[in-house]
file start_9.txt (compact mmCIF, C-alpha atoms and all ligand atoms)
# COMPACT_ATOMS: atom_id res chain seq x y z
CA ALA A 1 17.92 -6.74 8.50
CA LEU A 2 16.69 -8.53 5.36
CA SER A 3 20.02 -10.00 4.27
CA GLY A 4 19.59 -13.51 2.92
CA LYS A 5 16.06 -12.70 1.72
CA THR A 6 15.05 -12.25 -1.91
CA ALA A 7 12.40 -9.72 -2.91
CA LEU A 8 10.42 -9.65 -6.15
CA ILE A 9 8.86 -6.25 -6.74
CA THR A 10 6.58 -6.23 -9.77
CA GLY A 11 6.44 -3.03 -11.80
CA SER A 12 9.65 -1.72 -10.25
CA THR A 13 11.04 0.26 -13.18
CA SER A 14 9.05 3.32 -12.11
CA GLY A 15 7.20 5.09 -9.31
CA ILE A 16 6.22 3.27 -6.13
CA GLY A 17 7.72 -0.09 -7.15
CA LEU A 18 11.14 1.37 -7.86
CA ALA A 19 11.13 3.19 -4.51
CA ILE A 20 10.21 -0.01 -2.65
CA ALA A 21 12.95 -1.93 -4.49
CA LYS A 22 15.47 0.68 -3.30
CA GLY A 23 14.11 0.50 0.26
CA LEU A 24 14.36 -3.30 0.40
CA ALA A 25 17.85 -3.29 -1.16
CA ALA A 26 18.90 -0.82 1.56
CA GLN A 27 17.82 -3.47 4.10
CA GLY A 28 20.12 -5.98 2.43
CA ALA A 29 17.59 -8.00 0.41
CA LYS A 30 18.46 -9.44 -2.98
CA ILE A 31 16.22 -7.82 -5.58
CA MET A 32 14.39 -8.94 -8.71
CA LEU A 33 13.26 -5.91 -10.68
CA ASN A 34 10.42 -6.17 -13.21
CA GLY A 35 8.58 -3.81 -15.50
CA PHE A 36 8.71 -2.02 -18.82
CA GLY A 37 11.00 0.77 -19.99
CA ASP A 38 14.16 1.69 -21.83
CA ALA A 39 16.68 -1.17 -21.60
CA ALA A 40 19.71 1.08 -21.02
CA GLU A 41 17.95 3.08 -18.28
CA ILE A 42 16.82 -0.09 -16.54
CA GLU A 43 20.33 -1.55 -16.66
CA LYS A 44 21.66 1.64 -15.07
CA VAL A 45 19.09 1.43 -12.26
CA ARG A 46 19.97 -2.25 -11.74
CA ALA A 47 23.72 -1.68 -11.63
CA ASP A 48 23.46 1.41 -9.38
CA LEU A 49 21.24 -0.39 -6.90
CA ALA A 50 23.59 -3.36 -6.70
CA ALA A 51 26.64 -1.14 -6.27
CA GLU A 52 25.08 1.18 -3.69
CA HIS A 53 23.85 -1.57 -1.37
CA GLY A 54 26.18 -4.45 -2.18
CA VAL A 55 23.29 -6.78 -2.97
CA GLU A 56 22.50 -8.94 -5.99
CA VAL A 57 20.00 -7.22 -8.29
CA ARG A 58 18.51 -8.84 -11.38
CA PHE A 59 15.95 -7.62 -13.90
CA ASN A 60 13.28 -9.65 -15.69
CA GLY A 61 10.95 -7.82 -18.08
CA ALA A 62 8.06 -10.33 -17.93
CA ASP A 63 4.71 -8.97 -19.11
CA LEU A 64 2.57 -9.86 -16.11
CA THR A 65 -0.63 -10.04 -18.13
CA LYS A 66 0.81 -13.31 -19.53
CA ALA A 67 0.75 -16.31 -17.16
CA ASP A 68 3.52 -18.10 -19.07
CA GLN A 69 5.82 -15.09 -18.68
CA ILE A 70 5.13 -15.03 -14.93
CA GLU A 71 6.10 -18.70 -14.76
CA ALA A 72 9.34 -17.94 -16.64
CA LEU A 73 10.01 -15.06 -14.21
CA PHE A 74 9.70 -17.47 -11.28
CA LYS A 75 12.04 -19.96 -12.95
CA ASP A 76 14.56 -17.12 -13.27
CA ILE A 77 14.23 -16.22 -9.57
CA ASN A 78 14.29 -19.81 -8.36
CA ASP A 79 17.35 -20.64 -10.48
CA ASN A 80 19.30 -17.47 -9.79
CA LEU A 81 18.17 -15.84 -6.53
CA GLY A 82 17.04 -18.77 -4.37
CA GLY A 83 13.28 -18.21 -4.59
CA VAL A 84 11.00 -15.43 -3.40
CA ASP A 85 10.81 -14.53 0.31
CA ILE A 86 9.23 -11.12 -0.17
CA LEU A 87 6.63 -10.60 -2.89
CA VAL A 88 5.51 -7.04 -3.60
CA ASN A 89 2.62 -7.07 -6.05
CA ASN A 90 2.83 -3.52 -7.31
CA ALA A 91 2.51 -3.43 -11.12
CA GLY A 92 -0.66 -1.64 -12.09
CA ILE A 93 -2.32 0.49 -14.73
CA GLN A 94 -5.25 2.88 -14.79
CA PHE A 95 -7.86 3.93 -17.33
CA VAL A 96 -10.44 6.67 -16.81
CA SER A 97 -13.74 6.67 -18.73
CA PRO A 98 -17.50 6.75 -18.16
CA ILE A 99 -18.81 3.18 -18.07
CA GLU A 100 -20.80 3.45 -21.30
CA ASP A 101 -17.61 4.29 -23.23
CA PHE A 102 -15.25 2.04 -21.23
CA PRO A 103 -13.36 -0.09 -23.78
CA PRO A 104 -13.78 -3.81 -22.95
CA GLU A 105 -10.13 -4.45 -23.78
CA LYS A 106 -9.10 -1.88 -21.15
CA TRP A 107 -11.29 -3.66 -18.59
CA ASP A 108 -9.57 -6.97 -19.41
CA ALA A 109 -6.10 -5.40 -19.29
CA ILE A 110 -6.71 -3.77 -15.88
CA ILE A 111 -8.24 -6.89 -14.30
CA GLY A 112 -5.43 -8.94 -15.84
CA LEU A 113 -2.58 -6.84 -14.48
CA ASN A 114 -4.00 -5.27 -11.29
CA LEU A 115 -5.71 -8.43 -10.02
CA THR A 116 -4.95 -11.67 -11.88
CA SER A 117 -1.15 -11.20 -12.01
CA SER A 118 -1.11 -11.21 -8.18
CA PHE A 119 -2.94 -14.55 -8.19
CA HIS A 120 -0.22 -16.03 -10.40
CA THR A 121 2.76 -14.55 -8.52
CA THR A 122 1.29 -15.58 -5.17
CA ARG A 123 0.49 -19.16 -6.19
CA LEU A 124 4.04 -19.52 -7.49
CA ALA A 125 5.70 -17.90 -4.45
CA PHE A 126 3.66 -19.74 -1.80
CA PRO A 127 5.27 -23.20 -1.86
CA GLY A 128 8.75 -21.76 -1.20
CA MET A 129 7.49 -19.48 1.57
CA LYS A 130 5.65 -22.37 3.23
CA ALA A 131 8.75 -24.56 3.07
CA LYS A 132 10.89 -21.82 4.65
CA LYS A 133 8.17 -20.97 7.19
CA TRP A 134 8.65 -17.30 6.37
CA GLY A 135 7.18 -14.97 3.79
CA ARG A 136 5.93 -11.45 3.23
CA ILE A 137 3.34 -10.57 0.62
CA VAL A 138 2.77 -6.84 0.23
CA ASN A 139 0.02 -5.97 -2.21
CA ILE A 140 -0.07 -2.40 -3.42
CA ALA A 141 -3.82 -1.85 -3.50
CA SER A 142 -5.25 1.67 -3.24
CA ALA A 143 -7.73 3.86 -1.42
CA HIS A 144 -9.80 2.56 -4.34
CA ALA A 145 -9.72 -0.88 -2.68
CA LEU A 146 -11.95 0.67 0.01
CA VAL A 147 -13.96 3.42 -1.68
CA ALA A 148 -14.86 4.30 -5.27
CA SER A 149 -14.54 7.26 -7.61
CA PRO A 150 -16.61 7.63 -10.78
CA PHE A 151 -15.08 6.70 -14.18
CA LYS A 152 -12.62 4.16 -12.72
CA SER A 153 -14.82 1.05 -12.84
CA ALA A 154 -12.14 -1.49 -13.80
CA TYR A 155 -9.50 -0.11 -11.44
CA VAL A 156 -11.86 0.07 -8.45
CA ALA A 157 -13.17 -3.44 -9.16
CA ALA A 158 -9.63 -4.84 -9.47
CA LYS A 159 -8.39 -3.14 -6.30
CA HIS A 160 -11.41 -4.26 -4.24
CA GLY A 161 -10.74 -7.74 -5.60
CA LEU A 162 -7.07 -7.52 -4.65
CA LEU A 163 -8.04 -6.68 -1.07
CA GLY A 164 -10.33 -9.74 -0.88
CA PHE A 165 -7.55 -11.86 -2.34
CA THR A 166 -5.09 -10.46 0.25
CA LYS A 167 -7.38 -11.43 3.14
CA THR A 168 -7.75 -14.97 1.81
CA ILE A 169 -4.00 -15.47 1.41
CA ALA A 170 -3.45 -14.03 4.90
CA LEU A 171 -5.57 -16.83 6.31
CA GLU A 172 -3.81 -19.50 4.25
CA GLY A 173 -0.34 -18.36 5.31
CA ALA A 174 -1.06 -17.53 8.94
CA THR A 175 0.40 -20.69 10.50
CA PHE A 176 3.42 -20.72 8.16
CA GLY A 177 5.06 -17.43 9.15
CA ILE A 178 3.66 -15.79 6.03
CA THR A 179 1.84 -12.46 6.18
CA ALA A 180 -0.16 -10.82 3.40
CA ASN A 181 -1.31 -7.22 3.59
CA ALA A 182 -2.71 -4.54 1.33
CA ILE A 183 -1.21 -1.07 1.34
CA CYS A 184 -3.93 1.39 0.32
CA PRO A 185 -2.29 4.63 -0.84
CA GLY A 186 -4.05 7.81 -1.74
CA TYR A 187 -2.67 9.86 -4.62
CA VAL A 188 1.08 9.62 -5.18
CA HIS A 189 2.60 11.79 -7.91
CA THR A 190 3.92 9.13 -10.31
CA PRO A 191 3.61 8.63 -14.08
CA LEU A 192 0.41 6.61 -13.41
CA VAL A 193 -1.29 9.68 -11.96
CA ASP A 194 0.15 12.07 -14.55
CA LYS A 195 -1.21 9.95 -17.40
CA GLN A 196 -4.80 10.02 -16.11
CA ILE A 197 -5.01 13.81 -15.91
CA PRO A 198 -5.90 14.36 -19.61
CA ASP A 199 -8.72 11.75 -19.55
CA THR A 200 -10.06 13.10 -16.28
CA MET A 201 -10.06 16.59 -17.84
CA LYS A 202 -12.20 15.16 -20.65
CA ALA A 203 -14.52 13.07 -18.43
CA ARG A 204 -15.18 15.96 -16.02
CA ASN A 205 -14.80 18.86 -18.46
CA MET A 206 -12.07 20.48 -16.36
CA THR A 207 -8.68 22.13 -16.86
CA ARG A 208 -5.45 20.43 -15.74
CA GLU A 209 -5.20 22.71 -12.69
CA GLN A 210 -8.82 22.00 -11.71
CA VAL A 211 -8.22 18.24 -11.94
CA ILE A 212 -5.16 18.43 -9.66
CA LYS A 213 -6.81 20.74 -7.12
CA ASP A 214 -10.51 19.76 -7.23
CA VAL A 215 -10.28 16.01 -8.01
CA ILE A 216 -6.91 14.65 -7.00
CA LEU A 217 -5.91 16.68 -3.97
CA ALA A 218 -9.52 17.37 -2.94
CA ALA A 219 -9.77 13.68 -1.99
CA GLN A 220 -6.98 14.08 0.57
CA PRO A 221 -7.66 16.19 3.67
CA THR A 222 -3.94 16.98 3.92
CA GLY A 223 -4.17 18.62 0.49
CA GLU A 224 -0.87 16.99 -0.38
CA PHE A 225 0.31 14.02 -2.39
CA VAL A 226 1.50 10.94 -0.52
CA THR A 227 5.17 10.30 -1.39
CA VAL A 228 6.85 7.13 -2.65
CA GLU A 229 9.09 7.33 0.44
CA ASP A 230 6.00 7.18 2.70
CA ILE A 231 4.84 4.01 0.96
CA THR A 232 8.32 2.48 1.03
CA ALA A 233 8.71 2.97 4.79
CA LEU A 234 5.43 1.13 5.39
CA ALA A 235 6.37 -1.71 3.03
CA VAL A 236 9.76 -2.10 4.75
CA PHE A 237 8.06 -2.17 8.16
CA LEU A 238 5.69 -4.93 7.02
CA CYS A 239 8.73 -6.98 5.96
CA SER A 240 10.45 -6.52 9.31
CA ASP A 241 10.12 -8.81 12.32
CA ALA A 242 8.03 -6.13 14.06
CA GLY A 243 5.44 -6.51 11.29
CA LYS A 244 4.86 -10.22 11.83
CA ALA A 245 1.45 -9.87 13.52
CA ILE A 246 0.02 -7.53 10.89
CA ASN A 247 -1.87 -9.89 8.61
CA GLY A 248 -4.76 -9.51 6.19
CA ALA A 249 -4.98 -5.79 6.84
CA PRO A 250 -5.90 -2.93 4.55
CA LEU A 251 -3.39 -0.24 5.53
CA SER A 252 -4.50 3.21 4.53
CA ILE A 253 -1.80 5.74 3.74
CA ASP A 254 -3.82 8.48 2.13
CA GLY A 255 -3.66 11.70 4.15
CA GLY A 256 -7.09 10.92 5.62
CA TRP A 257 -9.02 10.26 2.39
CA VAL A 258 -11.06 7.24 3.52
CA ALA A 259 -11.70 8.73 6.97
CA GLN A 260 -14.27 11.03 5.37
P1 LIG A 301 3.87 3.72 -12.50
O1 LIG A 301 3.14 3.88 -13.79
O2 LIG A 301 4.91 4.73 -12.11
O3 LIG A 301 4.53 2.27 -12.43
C1 LIG A 301 3.88 1.12 -12.89
C2 LIG A 301 4.89 0.02 -13.08
O4 LIG A 301 4.22 -1.15 -13.60
C3 LIG A 301 5.99 0.37 -14.11
O5 LIG A 301 7.22 -0.16 -13.67
C4 LIG A 301 5.51 -0.35 -15.37
O6 LIG A 301 6.56 -0.65 -16.28
C5 LIG A 301 4.93 -1.60 -14.77
N1 LIG A 301 4.01 -2.32 -15.65
C6 LIG A 301 2.97 -1.81 -16.39
N2 LIG A 301 2.40 -2.80 -17.10
C7 LIG A 301 3.09 -3.94 -16.82
C8 LIG A 301 2.97 -5.29 -17.25
N3 LIG A 301 2.01 -5.69 -18.12
N4 LIG A 301 3.84 -6.21 -16.78
C9 LIG A 301 4.82 -5.83 -15.90
N5 LIG A 301 4.97 -4.57 -15.45
C10 LIG A 301 4.11 -3.64 -15.91
O7 LIG A 301 2.71 3.64 -11.40
P2 LIG A 301 2.71 3.81 -9.80
O8 LIG A 301 1.90 5.01 -9.50
O9 LIG A 301 4.04 3.66 -9.22
O10 LIG A 301 1.78 2.56 -9.42
C11 LIG A 301 2.26 1.40 -8.78
C12 LIG A 301 1.08 0.73 -8.08
O11 LIG A 301 0.57 1.61 -7.09
C13 LIG A 301 -0.10 0.38 -8.99
O12 LIG A 301 -0.63 -0.87 -8.66
C14 LIG A 301 -1.10 1.47 -8.67
O13 LIG A 301 -2.42 1.07 -8.92
C15 LIG A 301 -0.84 1.68 -7.21
N6 LIG A 301 -1.30 2.96 -6.69
C16 LIG A 301 -0.82 4.13 -7.19
C17 LIG A 301 -1.30 5.33 -6.69
C18 LIG A 301 -0.83 6.65 -7.22
O14 LIG A 301 -1.45 7.66 -6.87
N7 LIG A 301 0.21 6.71 -8.00
C19 LIG A 301 -2.27 5.32 -5.67
C20 LIG A 301 -2.71 4.12 -5.18
C21 LIG A 301 -2.23 2.94 -5.69

call {"tool": "encode", "arguments": {"input": "start_9.txt", "output": "structure tokens"}}
result
Amino acid sequence: ALSGKTALITGSTSGIGLAIAKGLAAQGAKIMLNGFGDAAEIEKVRADLAAEHGVEVRFNGADLTKADQIEALFKDINDNLGGVDILVNNAGIQFVSPIEDFPPEKWDAIIGLNLTSSFHTTRLAFPGMKAKKWGRIVNIASAHALVASPFKSAYVAAKHGLLGFTKTIALEGATFGITANAICPGYVHTPLVDKQIPDTMKARNMTREQVIKDVILAAQPTGEFVTVEDITALAVFLCSDAGKAINGAPLSIDGGWVAQ
């Protein structure tokens, strides 16, 4: 259904981004992977994805906190994959600390990756989408784009900002066949969540089990993690023709978290 389209999924060497890349490749889209990781493992993922779905898959390891590397990434896509039709802004990091101890360099890194990188990718993708009168921008925000939790000041600020940015772009693209939406997941068991458990244990003086049960899963009325497959199915729907009227929306997929 997406054959002839090219998708850039940022942060797609792991977790949610990798799952979405697989889901879009299964629909026939050409794929640009991005992210950090072991070069041999990434090459295996790239080659397997291309072979399984018969689509072109490239990898570019641009560090998205650097505007010049994002520009080089777009040159790579424009030269080799015919531009970006589907932009999934997914790369993100987390840091957990009380505000008085929050390292300023962590604040800058989180705002830089989780918010500013989407500004750069979107401004570079927009001209091509406008010219083709078709585009899909899927921003992976968070339940933390809608509500807060203590000790996540930079992340919550960046994700709220990303939702505001999404709404603005939705208005700018509306008459050009471009949609922009924000998927707002609850907790998904990926390396990003695993890595914050030790700091949350420290910040809240809890054991690992208490953090999983009383902090992470307590937020979700279902008592269960959201899965990367759940998120992928929603992202694929937004890219389909049936998703064309969904624009500027925060789409919660969180087991009921923000309903409380
Ligand atoms: P993850 O840690 O598994 O993956 C993050 C990806 O981003 C990796 O591919 C990593 O290499 C890449 N990345 C990190 N820094 C980068 C940089 N400077 N430049 C380019 N790529 C970089 O995390 P995940 O859980 O899959 O998170 C993906 C997105 O989903 C993030 O934006 C996150 O905030 C959001 N999210 C996650 C959850 C969750 O519970 N896991 C919930 C809501 C939202």

call {"tool": "residues_near_point", "arguments": {"input": "start_9.txt", "point": "(12.9, 4.6, -1.1)", "cutoff": "12 Å", "atoms": "all atoms listed in the file", "output": "number ranges by chain"}}
result
A: 12, 14-27, 49, 227-236

call {"tool": "closest_atom_pairs", "arguments": {"input": "start_9.txt", "of": "chain A", "to": "ligand LIG 301 (chain A)", "cutoff": "7 Å", "atoms": "only C-alpha atoms and all ligand atoms", "output": "CSV"}}
result
residue,atom,partner,partner_atom,distance
A:Thr10,CA,A:LIG301,N5,6.1
A:Gly11,CA,A:LIG301,O4,3.4
A:Ser12,CA,A:LIG301,O5,4.5
A:Thr13,CA,A:LIG301,O5,3.9
A:Ser14,CA,A:LIG301,O5,4.2
A:Gly15,CA,A:LIG301,O9,3.5
A:Ile16,CA,A:LIG301,O9,3.8
A:Gly17,CA,A:LIG301,O9,5.6
A:Asn34,CA,A:LIG301,N5,6.1
A:Gly35,CA,A:LIG301,N5,3.7
A:Phe36,CA,A:LIG301,O6,3.6
A:Gly37,CA,A:LIG301,O6,6.0
A:Gly61,CA,A:LIG301,C9,6.8
A:Ala62,CA,A:LIG301,C9,5.9
A:Asp63,CA,A:LIG301,N4,3.7
A:Leu64,CA,A:LIG301,N4,3.9
A:Thr65,CA,A:LIG301,N3,5.1
A:Asn90,CA,A:LIG301,O12,4.6
A:Ala91,CA,A:LIG301,O4,3.8
A:Gly92,CA,A:LIG301,O12,3.5
A:Ile93,CA,A:LIG301,O13,5.8
A:Gln94,CA,A:LIG301,O13,6.8
A:Leu113,CA,A:LIG301,N3,6.0
A:Asn114,CA,A:LIG301,O12,6.1
A:Ile140,CA,A:LIG301,O11,5.5
A:Ala141,CA,A:LIG301,C21,5.5
A:Ser142,CA,A:LIG301,C20,4.0
A:Ala143,CA,A:LIG301,C20,6.3
A:Cys184,CA,A:LIG301,C20,6.3
A:Pro185,CA,A:LIG301,C20,4.4
A:Gly186,CA,A:LIG301,C19,5.0
A:Tyr187,CA,A:LIG301,O14,3.4
A:Val188,CA,A:LIG301,O14,3.6
A:His189,CA,A:LIG301,N7,5.6
A:Thr190,CA,A:LIG301,O8,4.7
A:Pro191,CA,A:LIG301,O2,4.6
A:Leu192,CA,A:LIG301,O1,3.9
A:Val193,CA,A:LIG301,N7,5.2

call {"tool": "residues_around", "arguments": {"input": "start_9.txt", "residues": "Leu251 in chain A", "least_positions_apart": "5", "cutoff": "8 Å", "atoms": "all atoms listed in the file", "output": "list in words"}}
result
Asn181, Ala182, Ile183 and Cys184 of chain A

call {"tool": "atom_distance", "arguments": {"input": "start_9.txt", "atom1": "CA of Trp257 in chain A", "atom2": "CA of Leu87 in chain A"}}
result
26.6 Å

call {"tool": "closest_residue", "arguments": {"input": "start_9.txt", "among": "A:Leu163, A:Phe119, A:Asp85, A:Gly256", "to": "Trp134 in chain A", "atoms": "all atoms listed in the file"}}
result
A:Asp85

call {"tool": "atom_distance", "arguments": {"input": "start_9.txt", "atom1": "CA of Lys159 in chain A", "atom2": "CA of His144 in chain A"}}
result
6.2 Å

call {"tool": "atom_distance", "arguments": {"input": "start_9.txt", "atom1": "CA of Ile42 in chain A", "atom2": "CA of Ile216 in chain A"}}
result
29.5 Å

call {"tool": "build_atoms", "arguments": {"input": "start_9.txt", "residues": "range 111-122 of chain A", "atoms": "N, CA and C atoms", "output": "JSON list (two decimals), in the frame of the given file"}}
result
[["chain", "number", "residue", "atom", "x", "y", "z"],
["A", 111, "ILE", "N", -8.00, -5.72, -15.17],
["A", 111, "ILE", "CA", -8.24, -6.89, -14.30],
["A", 111, "ILE", "C", -7.05, -7.85, -14.41],
["A", 112, "GLY", "N", -6.54, -8.02, -15.62],
["A", 112, "GLY", "CA", -5.43, -8.94, -15.84],
["A", 112, "GLY", "C", -4.17, -8.54, -15.08],
["A", 113, "LEU", "N", -3.81, -7.28, -15.15],
["A", 113, "LEU", "CA", -2.58, -6.84, -14.48],
["A", 113, "LEU", "C", -2.83, -6.56, -12.99],
["A", 114, "ASN", "N", -3.84, -5.75, -12.67],
["A", 114, "ASN", "CA", -4.00, -5.27, -11.29],
["A", 114, "ASN", "C", -4.56, -6.33, -10.34],
["A", 115, "LEU", "N", -5.16, -7.39, -10.89],
["A", 115, "LEU", "CA", -5.71, -8.43, -10.02],
["A", 115, "LEU", "C", -5.12, -9.82, -10.33],
["A", 116, "THR", "N", -5.30, -10.29, -11.56],
["A", 116, "THR", "CA", -4.95, -11.67, -11.88],
["A", 116, "THR", "C", -3.45, -11.94, -11.76],
["A", 117, "SER", "N", -2.60, -10.96, -12.10],
["A", 117, "SER", "CA", -1.15, -11.20, -12.01],
["A", 117, "SER", "C", -0.75, -11.52, -10.57],
["A", 118, "SER", "N", -1.44, -10.94, -9.59],
["A", 118, "SER", "CA", -1.11, -11.21, -8.18],
["A", 118, "SER", "C", -1.51, -12.63, -7.78],
["A", 119, "PHE", "N", -2.57, -13.14, -8.40],
["A", 119, "PHE", "CA", -2.94, -14.55, -8.19],
["A", 119, "PHE", "C", -1.78, -15.45, -8.65],
["A", 120, "HIS", "N", -1.28, -15.17, -9.86],
["A", 120, "HIS", "CA", -0.22, -16.03, -10.40],
["A", 120, "HIS", "C", 1.07, -15.91, -9.59],
["A", 121, "THR", "N", 1.50, -14.70, -9.28],
["A", 121, "THR", "CA", 2.76, -14.55, -8.52],
["A", 121, "THR", "C", 2.63, -15.20, -7.15],
["A", 122, "THR", "N", 1.47, -15.04, -6.52],
["A", 122, "THR", "CA", 1.29, -15.58, -5.17],
["A", 122, "THR", "C", 1.26, -17.11, -5.19]]
